[in-house]
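Shown here: structure_9.txt, compact mmCIF, C-alpha atoms.
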# COMPACT_ATOMS: atom_id res chain seq x y z
CA MET E 1 -39.48 -194.34 38.52
CA LYS E 2 -42.22 -196.46 36.90
CA LYS E 3 -39.97 -197.15 33.90
CA ALA E 4 -37.17 -198.20 36.24
CA ILE E 5 -39.47 -200.65 38.05
CA ALA E 6 -40.66 -202.09 34.75
CA LEU E 7 -37.02 -202.45 33.64
CA ILE E 8 -36.11 -204.28 36.85
CA ILE E 9 -39.02 -206.68 36.35
CA LEU E 10 -37.91 -207.26 32.74
CA ILE E 11 -34.30 -207.90 33.74
CA PHE E 12 -35.19 -210.39 36.44
CA THR E 13 -37.73 -212.09 34.20
CA SER E 14 -34.96 -212.52 31.62
CA MET E 15 -32.68 -213.89 34.33
CA TYR E 16 -35.39 -216.35 35.26
CA SER E 17 -35.49 -217.65 31.69
CA ILE E 18 -31.72 -217.97 31.56
CA TYR E 19 -31.32 -219.84 34.82
CA ALA E 20 -34.65 -221.73 34.60
CA GLN E 21 -34.79 -221.51 38.38
CA ASP E 22 -36.99 -219.75 40.91
CA PHE E 23 -35.43 -216.92 42.85
CA ILE E 24 -36.17 -214.30 45.47
CA VAL E 25 -34.77 -210.76 45.62
CA LYS E 26 -34.44 -209.54 49.20
CA ASN E 27 -34.62 -205.89 50.30
CA ASN E 28 -30.81 -205.72 50.44
CA ASP E 29 -30.69 -206.99 46.81
CA ASP E 30 -29.37 -210.41 47.82
CA VAL E 31 -30.73 -213.09 45.51
CA ILE E 32 -31.74 -216.53 46.79
CA ARG E 33 -31.97 -219.20 44.10
CA GLY E 34 -33.61 -222.57 44.45
CA THR E 35 -37.08 -224.07 44.18
CA ILE E 36 -39.99 -222.05 45.54
CA LYS E 37 -42.41 -224.42 47.28
CA GLY E 38 -45.26 -221.98 47.77
CA THR E 39 -46.59 -218.71 49.14
CA ASP E 40 -49.57 -217.67 51.24
CA TYR E 41 -49.09 -214.09 49.97
CA PHE E 42 -47.69 -213.06 53.37
CA SER E 43 -44.50 -215.13 53.15
CA VAL E 44 -42.65 -217.21 50.56
CA PHE E 45 -41.20 -220.68 51.11
CA ILE E 46 -38.09 -221.63 49.10
CA SER E 47 -35.69 -224.56 49.09
CA ALA E 48 -32.53 -222.48 48.78
CA ASN E 49 -30.15 -224.05 46.26
CA ASP E 50 -32.50 -227.05 46.59
CA GLU E 51 -30.96 -227.87 49.97
CA ALA E 52 -32.02 -225.72 52.93
CA ASP E 53 -35.65 -224.66 53.35
CA VAL E 54 -36.15 -220.96 54.07
CA ILE E 55 -39.27 -218.90 54.78
CA LEU E 56 -39.13 -215.16 54.18
CA PRO E 57 -41.89 -212.70 55.14
CA ALA E 58 -43.07 -210.18 52.57
CA LYS E 59 -41.57 -207.29 54.55
CA ASP E 60 -38.05 -208.66 53.87
CA VAL E 61 -38.52 -209.25 50.14
CA LYS E 62 -38.69 -206.95 47.10
CA ASN E 63 -39.99 -209.51 44.64
CA PHE E 64 -39.77 -213.14 43.59
CA PHE E 65 -40.22 -215.15 40.42
CA TRP E 66 -41.96 -218.50 40.41
CA ASN E 67 -43.21 -220.65 37.54
CA GLY E 68 -42.83 -217.76 35.13
CA ASN E 69 -44.88 -215.36 37.28
CA SER E 70 -43.65 -212.23 39.05
CA PHE E 71 -44.71 -211.36 42.59
CA VAL E 72 -43.88 -208.07 44.31
CA SER E 73 -44.14 -207.01 47.92
CA LYS E 74 -46.54 -204.11 48.54
CA GLY E 75 -47.44 -202.26 51.72
CA PHE E 76 -51.05 -202.15 52.94
CA ALA E 77 -52.61 -200.17 55.74
CA ASN E 78 -54.41 -202.42 58.21
CA GLY E 79 -56.02 -200.29 60.87
CA ARG E 80 -53.18 -198.55 62.66
CA ASN E 81 -50.67 -201.05 61.35
CA PHE E 82 -48.81 -201.21 58.06
CA GLU E 83 -48.06 -204.65 56.68
CA TYR E 84 -46.58 -206.16 53.55
CA ARG E 85 -48.15 -208.75 51.30
CA PHE E 86 -47.21 -210.27 47.99
CA VAL E 87 -49.27 -209.51 44.93
CA LYS E 88 -48.99 -211.20 41.55
CA VAL E 89 -48.02 -208.92 38.66
CA ILE E 90 -50.62 -209.00 35.88
CA GLU E 91 -49.45 -205.94 33.95
CA MET E 92 -46.62 -203.49 34.57
CA GLY E 93 -46.09 -200.13 32.91
CA THR E 94 -47.55 -196.64 33.20
CA VAL E 95 -50.40 -198.37 35.03
CA ASN E 96 -49.72 -201.46 37.13
CA LEU E 97 -52.29 -204.17 37.76
CA TYR E 98 -51.92 -206.85 40.44
CA SER E 99 -53.91 -209.72 41.89
CA PHE E 100 -54.04 -211.08 45.43
CA GLY E 101 -55.35 -214.42 46.64
CA GLY E 102 -57.43 -216.85 44.66
CA GLY E 103 -56.39 -219.96 46.55
CA THR E 104 -53.65 -221.33 48.75
CA LEU E 105 -50.33 -221.86 47.03
CA VAL E 106 -48.69 -223.71 49.92
CA PRO E 107 -47.89 -227.39 49.31
CA GLU E 108 -47.13 -230.16 51.77
CA VAL E 109 -43.80 -229.70 53.49
CA LYS E 110 -41.49 -232.70 53.69
CA GLU E 111 -39.19 -233.05 56.67
CA LYS E 112 -35.64 -232.16 55.58
CA LYS E 113 -32.91 -229.69 56.44
CA VAL E 114 -34.71 -226.60 57.64
CA LYS E 115 -32.82 -223.36 58.19
CA PHE E 116 -35.35 -222.14 60.71
CA ARG E 117 -38.83 -223.20 61.73
CA PRO E 118 -41.13 -220.34 62.57
CA SER E 119 -44.84 -220.71 63.00
CA ILE E 120 -46.51 -218.05 60.90
CA GLY E 121 -50.00 -217.00 61.93
CA ILE E 122 -52.21 -215.11 59.54
CA GLY E 123 -54.73 -212.82 61.14
CA THR E 124 -58.16 -211.74 60.01
CA GLY E 125 -57.43 -208.05 59.58
CA THR E 126 -60.32 -205.70 59.09
CA GLY E 127 -58.34 -202.58 58.29
CA GLY E 128 -57.33 -200.88 55.06
CA TYR E 129 -58.51 -201.99 51.65
CA GLY E 130 -61.52 -203.74 53.08
CA GLY E 131 -59.42 -205.90 55.39
CA MET E 132 -57.28 -208.38 53.52
CA GLY E 133 -56.30 -210.64 56.41
CA MET E 134 -57.03 -214.32 55.90
CA GLY E 135 -57.72 -216.92 58.56
CA GLY E 136 -55.46 -219.92 59.05
CA GLY E 137 -51.70 -220.20 58.93
CA ILE E 138 -48.76 -222.36 57.97
CA SER E 139 -46.39 -224.20 60.25
CA ILE E 140 -43.07 -225.45 58.92
CA GLY E 141 -41.49 -228.36 60.75
CA GLY E 142 -42.39 -229.84 64.09
CA GLY E 143 -43.69 -233.38 63.89
CA ARG E 144 -43.93 -236.45 61.71
CA ASN E 145 -47.02 -235.25 59.89
CA SER E 146 -45.58 -231.82 59.30
CA ALA E 147 -47.70 -230.05 56.67
CA PRO E 148 -49.12 -226.57 56.29
CA GLU E 149 -52.65 -226.00 57.39
CA ARG E 150 -54.92 -225.09 54.53
CA LEU E 151 -56.29 -221.59 54.75
CA ALA E 152 -59.98 -221.48 55.51
CA GLY E 153 -61.87 -221.59 52.23
CA ALA E 154 -60.55 -220.44 48.87
CA PRO E 155 -60.29 -216.66 49.02
CA ALA E 156 -61.51 -214.86 45.94
CA VAL E 157 -59.03 -213.12 43.66
CA ARG E 158 -58.79 -209.44 44.46
CA TYR E 159 -57.37 -206.90 42.03
CA PHE E 160 -55.36 -203.76 42.70
CA ILE E 161 -54.33 -200.98 40.35
CA GLU E 162 -51.84 -198.14 40.63
CA LYS E 163 -50.52 -195.37 38.49
CA PRO E 164 -47.20 -194.44 40.10
CA GLY E 165 -47.11 -190.73 40.87
CA ALA E 166 -50.90 -190.41 40.66
CA GLY E 167 -52.15 -191.77 43.94
CA PRO E 168 -51.88 -194.91 46.09
CA LEU E 169 -52.62 -198.52 45.29
CA GLN E 170 -56.38 -198.92 44.86
CA GLU E 171 -58.61 -201.97 44.86
CA VAL E 172 -60.68 -202.62 41.72
CA PRO E 173 -63.85 -204.57 42.69
CA MET E 174 -63.97 -206.59 39.48
CA LYS E 175 -64.40 -210.33 39.03
CA ALA E 176 -64.50 -212.84 36.20
CA ILE E 177 -68.13 -211.75 36.06
CA THR E 178 -68.35 -208.39 37.80
CA GLU E 179 -71.41 -207.71 39.93
CA ASP E 180 -73.79 -205.12 38.53
CA THR E 181 -73.52 -203.06 41.71
CA LYS E 182 -69.73 -202.77 41.25
CA LYS E 183 -69.56 -201.89 37.55
CA ALA E 184 -69.90 -198.13 38.01
CA GLU E 185 -67.08 -198.14 40.58
CA VAL E 186 -64.79 -200.14 38.28
CA LYS E 187 -65.60 -197.77 35.41
CA ASN E 188 -64.79 -194.66 37.48
CA ILE E 189 -61.47 -196.10 38.67
CA LEU E 190 -60.42 -196.92 35.11
CA LEU E 191 -61.35 -193.46 33.87
CA GLN E 192 -59.30 -191.90 36.68
CA LYS E 193 -56.24 -193.97 35.77
CA MET E 194 -56.51 -194.11 31.98
CA GLY E 195 -58.90 -191.35 30.94
CA ASP E 196 -56.09 -189.33 29.36
CA GLN E 197 -56.03 -191.68 26.35
CA PRO E 198 -59.05 -190.66 24.21
CA ALA E 199 -59.59 -193.90 22.27
CA LEU E 200 -59.38 -196.03 25.38
CA LYS E 201 -61.52 -193.59 27.35
CA ALA E 202 -64.25 -194.06 24.75
CA LYS E 203 -64.05 -197.84 25.13
CA VAL E 204 -64.33 -197.65 28.90
CA GLU E 205 -67.25 -195.23 28.75
CA ALA E 206 -69.03 -197.57 26.33
CA GLY E 207 -68.27 -200.66 28.41
CA THR E 208 -71.06 -202.70 29.96
CA ASP E 209 -69.52 -205.79 31.59
CA PHE E 210 -66.27 -204.57 33.23
CA ASN E 211 -65.18 -208.15 33.78
CA SER E 212 -61.59 -208.86 34.79
CA ARG E 213 -60.63 -210.06 31.30
CA ASP E 214 -61.86 -206.80 29.74
CA VAL E 215 -60.06 -204.65 32.28
CA ILE E 216 -56.78 -206.53 31.89
CA GLU E 217 -56.90 -206.02 28.11
CA TRP E 218 -57.64 -202.31 28.55
CA VAL E 219 -54.70 -201.85 30.92
CA LYS E 220 -52.39 -203.65 28.48
CA GLU E 221 -53.66 -201.48 25.65
CA TYR E 222 -53.14 -198.31 27.69
CA ASN E 223 -49.58 -199.26 28.59
CA ALA E 224 -48.81 -200.04 24.96
CA THR E 225 -49.79 -196.50 23.97
CA LYS E 226 -47.36 -195.09 26.54
CA LYS E 227 -44.24 -196.94 25.38
Show the structure stored in the file as structure tokens.
Amino acid sequence: MKKAIALIILIFTSMYSIYAQDFIVKNNDDVIRGTIKGTDYFSVFISANDEADVILPAKDVKNFFWNGNSFVSKGFANGRNFEYRFVKVIEMGTVNLYSFGGGTLVPEVKEKKVKFRPSIGIGTGTGGYGGMGMGGGISIGGGRNSAPERLAGAPAVRYFIEKPGAGPLQEVPMKAITEDTKKAEVKNILLQKMGDQPALKAKVEAGTDFNSRDVIEWVKEYNATKK
């Protein structure tokens, strides 16, 4: 299954290069091509065929490709609810690494032909994974000065790791400079996911910083040994 997912990502990345155009893959495998204008990680805004503006929520999308980056839709528990959000693919293979947030990626919206004009509110969820809801929202259309509201603040990048077939998606509390109080937790998560590779296990056990750059390189190295 994990190899199939990686193959799909590779195929669509190759398609991206060929067509030099953004595109979205819906749950029914329909592909929408055009120019992606932005995402708030809960929905994606595309100018379909560079004509009609369309907003699609994460629950209706498998993945999309924008500016050379891959985003996939993942399900998160939020209290009693289950909701979908986009995460950016950092590394895909035996172990997958994703990022969420890090700023608003929603530009100003110019008045033009709009296929539909929903108002999308983004809550401040406090449920699963530490509560990943973000305050604010975007509103497409509806007035001369139509522009998306900026989300409150610039949310920090959050990282998630998974090893398909070996447990659910799990948050890794690392940063560009990981807090001392979080280093042991990051180390334990990495050993759980990649401790079956002796050389890499030794590197993780000897690690001291556990910064995001280090972890990304370790995940890439682990996946390379599994090809």
Do a neighbour search on Asp180 of chain E at 12 Å with all atoms listed in the file, toss out local chain neighbours closer than 5 positions, and write the hits as a compact mmCIF listing (two decimals) with C-alpha atoms, in the coordinates of the input.
# COMPACT_ATOMS: atom_id res chain seq x y z
CA PRO E 173 -63.85 -204.57 42.69
CA MET E 174 -63.97 -206.59 39.48
CA LYS E 175 -64.40 -210.33 39.03
CA GLU E 185 -67.08 -198.14 40.58
CA VAL E 186 -64.79 -200.14 38.28
CA LYS E 187 -65.60 -197.77 35.41
CA THR E 208 -71.06 -202.70 29.96
CA ASP E 209 -69.52 -205.79 31.59
CA PHE E 210 -66.27 -204.57 33.23
CA ASN E 211 -65.18 -208.15 33.78
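Counting from atom CA of Phe42 of chain E, the distance to atom CA of Gln21 of chain E is 21.5 Å.
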- Quick one: distance from atom CA of Gly75 of chain E to atom CA of Gly38 of chain E in Å, one decimal? 20.2 Å
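Residue nearest Asp40 of chain E, chosen from E:Met92, E:Ser70, E:Asn78, E:Gly102 and counting only C-alpha atoms: E:Gly102.
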- Which polymer residues have any atom within 10 Å of an atom of Glu171 of chain E, counting only C-alpha atoms, with same-chain residues fewer than 5 positions away left out, as a PyMOL selection string? chain E and resi 97-99+129-130+158-162+186+189
Generate a file of the selected residues that holds C-alpha atoms, formatted as a tab-separated table (two decimals), in the frame of the given file.
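The resulting result.tsv:
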chain	number	residue	atom	x	y	z
E	97	LEU	CA	-52.29	-204.17	37.76
E	98	TYR	CA	-51.92	-206.85	40.44
E	99	SER	CA	-53.91	-209.72	41.89
E	129	TYR	CA	-58.51	-201.99	51.65
E	130	GLY	CA	-61.52	-203.74	53.08
E	158	ARG	CA	-58.79	-209.44	44.46
E	159	TYR	CA	-57.37	-206.90	42.03
E	160	PHE	CA	-55.36	-203.76	42.70
E	161	ILE	CA	-54.33	-200.98	40.35
E	162	GLU	CA	-51.84	-198.14	40.63
E	186	VAL	CA	-64.79	-200.14	38.28
E	189	ILE	CA	-61.47	-196.10	38.67
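Comparing the minimum interatomic distances between Asp60 of chain E and each of E:Asn27, E:Asn188, E:Thr35, E:Thr225, counting all atoms listed in the file, we find that E:Asn27 sits nearest.
Put simply, atom CA of Thr94 of chain E is 19.4 Å away from atom CA of Lys62 of chain E.
Comparing the minimum interatomic distances between Gly167 of chain E and each of E:Lys26, E:Arg80, E:Lys193, E:Lys182, counting all atoms listed in the file, we find that E:Lys193 sits nearest.
Residue nearest Glu221 of chain E, chosen from E:Gly79, E:Pro168, E:Pro57, E:Gly93 and counting all atoms listed in the file: E:Gly93.
With only C-alpha atoms as the atoms that count, the residue of E:Phe100, E:Val89, E:Val204, E:Trp66 with the shortest distance to Ala156 of chain E is E:Phe100.
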- Task: Please provide as a count of residues only all residues within 12 Å of Asn63 of chain E, with the sequence filter that same-chain residues fewer than 5 positions apart are discarded (counting only C-alpha atoms).
- Result: 34
- Task: Determine the nearest neighbour of Gly195 of chain E from the options E:Val157, E:Val172, E:Val95, E:Ile216, counting all atoms listed in the file.
- Result: E:Val95
